[in-house]
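Trainee: Below you will find the structure I want to go over with you.
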Amino acid sequence: MKLAELQTRWARCLLEGGSDPAVLDLLADPPEQRERRLAVYRNNVRHALASVLEAAFPVVRQLIGAECFTAAMLAFVARHPPGQPVLYGYGDRLPAFLAEFSPLAQPLPWLSDIARLEWARNEALFAAEEEPLTPARLAAVPPAELPGLGVRLHPSARLLESIWPVHAIWDAHQAGGGAVDAVDLDRAESVLIWRQAGAVRQRLLTPGESALLVSFAADRPLAEAVETAAGRDSRFDFPAALARLLDAGVLVGPGRETGLQLRADSDGGIADELTAGRMRGSR
Amino acid sequence: MPQTRNRAALPPQAGIGLRHPHLPAFLAAPQPAAWLEVHSENYLAPGGPRAAALERLRGDYPLSCHGVALSLGSARGLDRAHLARLRALYDRLEPALISEHLAWSVTPGGVFLADLLPLPYTQETFETLAANIDLAHDVLGRRLLIENPSAYARFREADWDEAEFLTELTRRTGCGLLLDVNNLYVSAANQGGDPKAPLERLPLAAVEEIHIAGHARVTVAGGELLIDDHGSAVAGPVWELLAAALARTGPKPVLVEWDTDIPALPVLLAQAERAERYLREASDEAG
């Protein structure tokens, strides 16, 4: 058997769990041991991929239980094995898979959105770093340039809109989080996920904040973004929202080191040594 | 055959893997590790705390980058995008050594199987590996060390045994050998053989790095298999095999691998200290 065919058949045995007499026949080991020896490789692959998915979706796992999670992951791995040789990106298709996996999707219609939330957290963790916009840098922008200012979101920022209270459900499954019983399933939520000082963070957004951030993500200039937000949400308070967002380190400004005069006392968003080193060459 | 650009060579001493649970200790203070190993694929993300931590630490320790996913044994050839990303990573990290495995993980259809899968030691496999290693050498601009695998199954069709195959491969491509002593032990146990026997016939002059690790035992109908799980302390017979290897290679950088059920850092450093004693013995004997 040519090497390419061997590898294709071997992979099928590992992912689909079946047996292939043509493959077993190639082995030199005693015939009665061949299945079990092949199974070692099968278990290695399953364990490696299950570990990645367990690490990326801990709340999904808590919600459906370890056994059910394992069964669902085996089905997912067989249907959607990794197409890339790096695993930090593996699991991006799990939310869609859960939405269509009727044994879970019917009783737990919000499960897929929890998976979306957890995937967004995973993406935030591994996103590129960029120096956040600071109050000092913003204050240094000439007033005439403010309305047209192009504020952007940190590369780790993710916005999640759900008809389900995904943040509340997620929070109820964290140590010290809210009570599961207190979660009102009739609430829709907007959630911001981002990374700050090396840790993934998330919080609820008001309708105005959500609209503001969507505008920034779409490269709308500052004045337009504020107007859109105010139009969407009569209670939108831009100065308060801006202060919270700057504090979170989730905004980045145009021009980076060029075009903005830094004031001598600016200590900026260099919040922690872990994020100070920009990943040269990673962008 | 490319020159290896060394920023700081690995000393012929014991090293450990830089693992997530130990990052706070490493970031807080220098640790008594002579050198550090990382898995290349864990550092290919655009950012994140792990990448940031390595950027902080890599100036303080000589570094070895161990790849697990280049899939040198793939019949379909190498993933060019992955090769380019590795090149960029190695240009940035400037490791003293880089390595991969005598195995395959990527199918002809491009599916990545997240394990090191076995190869028949045939002419076709040899040509596939030689071509893939040549390409990797070209693109990475550095000499690769190839690690001998742990075997759970063996193919009937073979033009060489593993030791001969590796000898021919190093001769043909100029690659080096990463001698995994635990894998020698596990493979010999799983296939019935003397673990010391390959030491007579492996291309030991090409060894630039040695690995030792723990393994697990699983019961199989009709017997036992050892699994190379890197999840425990190094077993007694593996230490003995290390001594036998060092007697032939002389002192080399020795890595203590412990990747699952990771213990507290002092436990891992104690394993490294034990490896250091074997290295000192080998040095005394050589000197």
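Identifiers in this document derive from the order of the structure tokens: chains are assigned A, B, ..., residues are numbered from 1 separately in each chain, and ligands are numbered from 1 in order of occurrence.
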DSSP on the backbone, strand (DSSP E) only: what residues of stretch 114-154 of chain B does that give? Format it as a PyMOL selection string.
Mentor: chain B and resi 114-117+144-147
Trainee: Quick check: residues of chain A within 6 Å of chain B, only C-alpha atoms, returned as JSON, numbers by chain.
Mentor: {"A": [4, 7, 8, 26, 27, 28, 37, 45, 82, 83, 85, 86, 125, 126, 127, 128, 129, 198, 274, 282]}
Trainee: For the selection just defined, write its residues with N, CA and C atoms to a file, as a compact mmCIF listing (two decimals), in the first residue's frame.
Mentor:
```txt
# COMPACT_ATOMS: atom_id res chain seq x y z
N ALA A 4 0.51 7.35 1.00
CA ALA A 4 -0.65 8.25 1.05
C ALA A 4 -1.92 7.48 1.42
N GLN A 7 -1.89 6.46 5.08
CA GLN A 7 -2.17 7.57 5.99
C GLN A 7 -3.66 7.93 5.97
N THR A 8 -4.27 7.91 4.80
CA THR A 8 -5.71 8.19 4.71
C THR A 8 -6.52 7.15 5.48
N LEU A 26 -1.28 -4.78 7.53
CA LEU A 26 0.06 -4.24 7.28
C LEU A 26 0.98 -4.38 8.49
N LEU A 27 0.37 -4.67 9.64
CA LEU A 27 1.15 -4.64 10.87
C LEU A 27 1.89 -5.95 11.10
N ALA A 28 3.05 -5.82 11.75
CA ALA A 28 3.88 -6.98 12.05
C ALA A 28 3.53 -7.59 13.40
N ARG A 37 -3.38 -2.21 19.62
CA ARG A 37 -2.24 -1.31 19.39
C ARG A 37 -2.66 -0.09 18.58
N VAL A 45 -5.02 10.49 20.04
CA VAL A 45 -5.61 11.57 19.24
C VAL A 45 -6.85 12.13 19.95
N PRO A 82 -9.27 18.75 13.14
CA PRO A 82 -8.51 19.98 12.87
C PRO A 82 -7.99 20.02 11.45
N GLY A 83 -8.10 21.17 10.84
CA GLY A 83 -7.57 21.36 9.50
C GLY A 83 -6.28 22.15 9.51
N PRO A 85 -2.37 22.64 11.66
CA PRO A 85 -1.48 21.96 12.61
C PRO A 85 -1.23 22.71 13.91
N VAL A 86 -2.00 23.73 14.18
CA VAL A 86 -1.89 24.39 15.48
C VAL A 86 -3.27 24.34 16.13
N LEU A 125 -7.81 35.52 24.37
CA LEU A 125 -6.58 35.11 25.06
C LEU A 125 -5.38 35.09 24.12
N PHE A 126 -5.59 34.66 22.88
CA PHE A 126 -4.46 34.47 21.97
C PHE A 126 -4.30 35.59 20.95
N ALA A 127 -5.08 36.64 21.09
CA ALA A 127 -5.02 37.73 20.11
C ALA A 127 -3.71 38.51 20.22
N ALA A 128 -3.40 39.23 19.18
CA ALA A 128 -2.21 40.08 19.18
C ALA A 128 -2.34 41.19 20.24
N GLU A 129 -1.19 41.68 20.65
CA GLU A 129 -1.20 42.78 21.62
C GLU A 129 -1.06 44.10 20.87
N GLY A 198 -2.87 40.45 30.37
CA GLY A 198 -2.68 39.01 30.22
C GLY A 198 -3.86 38.15 30.60
N LEU A 274 3.72 42.02 31.49
CA LEU A 274 3.39 40.95 30.57
C LEU A 274 2.89 41.46 29.24
N SER A 282 4.70 39.41 15.01
CA SER A 282 3.51 38.57 15.08
C SER A 282 2.40 39.16 14.24
```
Trainee: List the neighbours of B:Pro266 out to 12 Å using only C-alpha atoms; skip same-chain residues closer than 3 positions along the sequence, and give me the result as an mmCIF file with C-alpha atoms, in the first residue's frame.
Mentor:
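Final output, selection.cif:
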```cif
data_model
loop_
_atom_site.group_PDB
_atom_site.id
_atom_site.type_symbol
_atom_site.label_atom_id
_atom_site.label_comp_id
_atom_site.auth_asym_id
_atom_site.auth_seq_id
_atom_site.Cartn_x
_atom_site.Cartn_y
_atom_site.Cartn_z
ATOM 1 C CA ILE B 16 13.522 21.371 31.476
ATOM 2 C CA HIS B 22 5.707 27.169 36.360
ATOM 3 C CA ALA B 25 8.021 31.115 39.364
ATOM 4 C CA PHE B 26 10.150 31.773 36.289
ATOM 5 C CA GLN B 31 15.504 29.319 38.221
ATOM 6 C CA PRO B 32 18.329 26.741 38.290
ATOM 7 C CA ALA B 33 17.600 25.357 34.819
ATOM 8 C CA ILE B 262 2.867 18.448 35.749
ATOM 9 C CA PRO B 263 4.456 18.439 39.217
ATOM 10 C CA LEU B 269 14.207 20.489 38.906
ATOM 11 C CA ALA B 270 15.130 17.523 41.101
ATOM 12 C CA GLN B 271 14.775 15.253 38.070
ATOM 13 C CA ALA B 272 17.058 17.624 36.168
ATOM 14 C CA GLU B 273 19.556 17.514 39.026
#
```
Trainee: How many Å lie between atom CA of A:Ile193 and atom CA of A:Pro95, rounded to one decimal?
Mentor: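 Computed distance, atom CA of A:Ile193 to atom CA of A:Pro95, equals 16.5 Å.
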Trainee: Find the distance between atom CA of A:Ala223 and atom CA of A:Leu138 and write it in Å to one decimal.
Mentor: 14.1 Å
Trainee: Skipping near chain neighbours, those fewer than 5 positions away, what residues fall within 12 Å of stretch 65-71 of chain A using only C-alpha atoms, listed as a list in words?
Mentor: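 That gives Arg46, His47, Leu49, Ala50, Ser51, Val52, Leu53, Glu54, Phe57, Pro58, Val59, Val60, Phe76, Val77, Ala78, Leu94, Leu98, Phe101, Pro103, Leu104 and Leu111 of chain A.
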Trainee: Which polymer residues have any atom within 8 Å of an atom of A:Arg42, counting only C-alpha atoms, with same-chain residues fewer than 2 positions away left out, as a list in words?
Mentor: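 Everything that qualifies: Cys13, Leu14, Leu15, Gly17, Leu38, Ala39, Val40, Asn44, Val45 and Arg46 of chain A.
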Trainee: Quick one: everything within 6 Å of stretch 240-254 of chain B, counting only C-alpha atoms, minus sequence neighbours fewer than 5 positions away in the same chain. Send it as a list in words.
Mentor: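 Neighbouring residues, sequence-local ones excluded: Pro11, Pro12, Gln13, Ala14, Glu209, Ile210, His211, Leu279, Ala282 and Ser283 of chain B.
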Trainee: Can you pull out the residues contacting B:Ala163? Cut-off 6 Å, using only C-alpha atoms, and skip same-chain residues under 6 positions away; I want them as a list in words.
Mentor: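 The residues satisfying every condition are Pro198, Arg201 and Leu202 of chain B.
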Trainee: Residues of the last selection are to be written out with N, CA and C atoms, as a short mmCIF file (atom, residue, chain, number, x, y, z; two decimals), in the first residue's frame.
Mentor:
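New file part.cif:
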```cif
data_model
loop_
_atom_site.label_atom_id
_atom_site.label_comp_id
_atom_site.auth_asym_id
_atom_site.auth_seq_id
_atom_site.Cartn_x
_atom_site.Cartn_y
_atom_site.Cartn_z
N PRO B 198 19.68 -0.73 19.88
CA PRO B 198 19.78 0.34 18.87
C PRO B 198 20.97 1.28 19.11
N ARG B 201 23.72 1.02 16.77
CA ARG B 201 23.53 1.23 15.34
C ARG B 201 22.88 2.55 14.96
N LEU B 202 22.48 3.33 15.96
CA LEU B 202 21.97 4.66 15.67
C LEU B 202 23.12 5.60 15.31
#
```
Trainee: From a DSSP pass on the backbone, collect the residues of stretch 93-125 of chain A flagged as helix (DSSP H, G or I) and hand them back as a ChimeraX atom specification.
Mentor: /A:94-100,102-105,111-125
Trainee: Those same residues, written as a compact mmCIF listing (two decimals), in the first residue's frame with N, CA and C atoms?
Mentor:
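Result file follows (selection21.txt):
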```
# COMPACT_ATOMS: atom_id res chain seq x y z
N LEU A 94 -17.27 24.62 16.99
CA LEU A 94 -18.09 23.93 17.99
C LEU A 94 -19.42 24.63 18.25
N PRO A 95 -19.46 25.97 18.36
CA PRO A 95 -20.77 26.62 18.58
C PRO A 95 -21.80 26.23 17.50
N ALA A 96 -21.40 26.27 16.24
CA ALA A 96 -22.33 25.92 15.17
C ALA A 96 -22.72 24.44 15.27
N PHE A 97 -21.76 23.60 15.61
CA PHE A 97 -22.04 22.17 15.77
C PHE A 97 -23.08 21.94 16.86
N LEU A 98 -22.91 22.63 17.99
CA LEU A 98 -23.85 22.46 19.12
C LEU A 98 -25.24 22.95 18.75
N ALA A 99 -25.30 24.00 17.92
CA ALA A 99 -26.60 24.53 17.53
C ALA A 99 -27.38 23.51 16.70
N GLU A 100 -26.65 22.65 15.99
CA GLU A 100 -27.31 21.68 15.12
C GLU A 100 -27.38 20.28 15.73
N SER A 102 -29.01 18.10 17.76
CA SER A 102 -30.33 18.18 18.40
C SER A 102 -30.45 17.53 19.78
N PRO A 103 -29.71 16.48 20.10
CA PRO A 103 -29.84 15.98 21.47
C PRO A 103 -29.55 17.05 22.52
N LEU A 104 -28.73 18.04 22.16
CA LEU A 104 -28.42 19.11 23.11
C LEU A 104 -29.16 20.40 22.76
N ALA A 105 -29.26 20.68 21.47
CA ALA A 105 -29.82 21.97 21.06
C ALA A 105 -31.28 22.11 21.44
N LEU A 111 -27.24 26.82 24.67
CA LEU A 111 -25.91 26.20 24.82
C LEU A 111 -24.93 26.68 23.75
N SER A 112 -25.41 26.78 22.53
CA SER A 112 -24.54 27.22 21.44
C SER A 112 -24.00 28.62 21.68
N ASP A 113 -24.83 29.50 22.25
CA ASP A 113 -24.37 30.86 22.52
C ASP A 113 -23.35 30.88 23.66
N ILE A 114 -23.49 29.99 24.62
CA ILE A 114 -22.46 29.88 25.66
C ILE A 114 -21.14 29.46 25.02
N ALA A 115 -21.25 28.55 24.07
CA ALA A 115 -20.02 28.11 23.36
C ALA A 115 -19.43 29.28 22.57
N ARG A 116 -20.27 30.10 21.97
CA ARG A 116 -19.78 31.29 21.25
C ARG A 116 -19.04 32.20 22.21
N LEU A 117 -19.60 32.39 23.41
CA LEU A 117 -18.97 33.23 24.41
C LEU A 117 -17.60 32.67 24.78
N GLU A 118 -17.55 31.38 25.04
CA GLU A 118 -16.29 30.77 25.45
C GLU A 118 -15.27 30.80 24.33
N TRP A 119 -15.74 30.66 23.08
CA TRP A 119 -14.80 30.75 21.96
C TRP A 119 -14.25 32.18 21.84
N ALA A 120 -15.10 33.15 22.06
CA ALA A 120 -14.64 34.54 22.03
C ALA A 120 -13.58 34.77 23.10
N ARG A 121 -13.75 34.17 24.27
CA ARG A 121 -12.75 34.28 25.34
C ARG A 121 -11.44 33.66 24.89
N ASN A 122 -11.54 32.52 24.21
CA ASN A 122 -10.34 31.85 23.72
C ASN A 122 -9.61 32.72 22.69
N GLU A 123 -10.38 33.29 21.76
CA GLU A 123 -9.76 34.18 20.76
C GLU A 123 -9.11 35.38 21.44
N ALA A 124 -9.78 35.92 22.46
CA ALA A 124 -9.22 37.07 23.17
C ALA A 124 -7.88 36.71 23.80
N LEU A 125 -7.81 35.52 24.37
CA LEU A 125 -6.58 35.11 25.06
C LEU A 125 -5.38 35.09 24.12
```
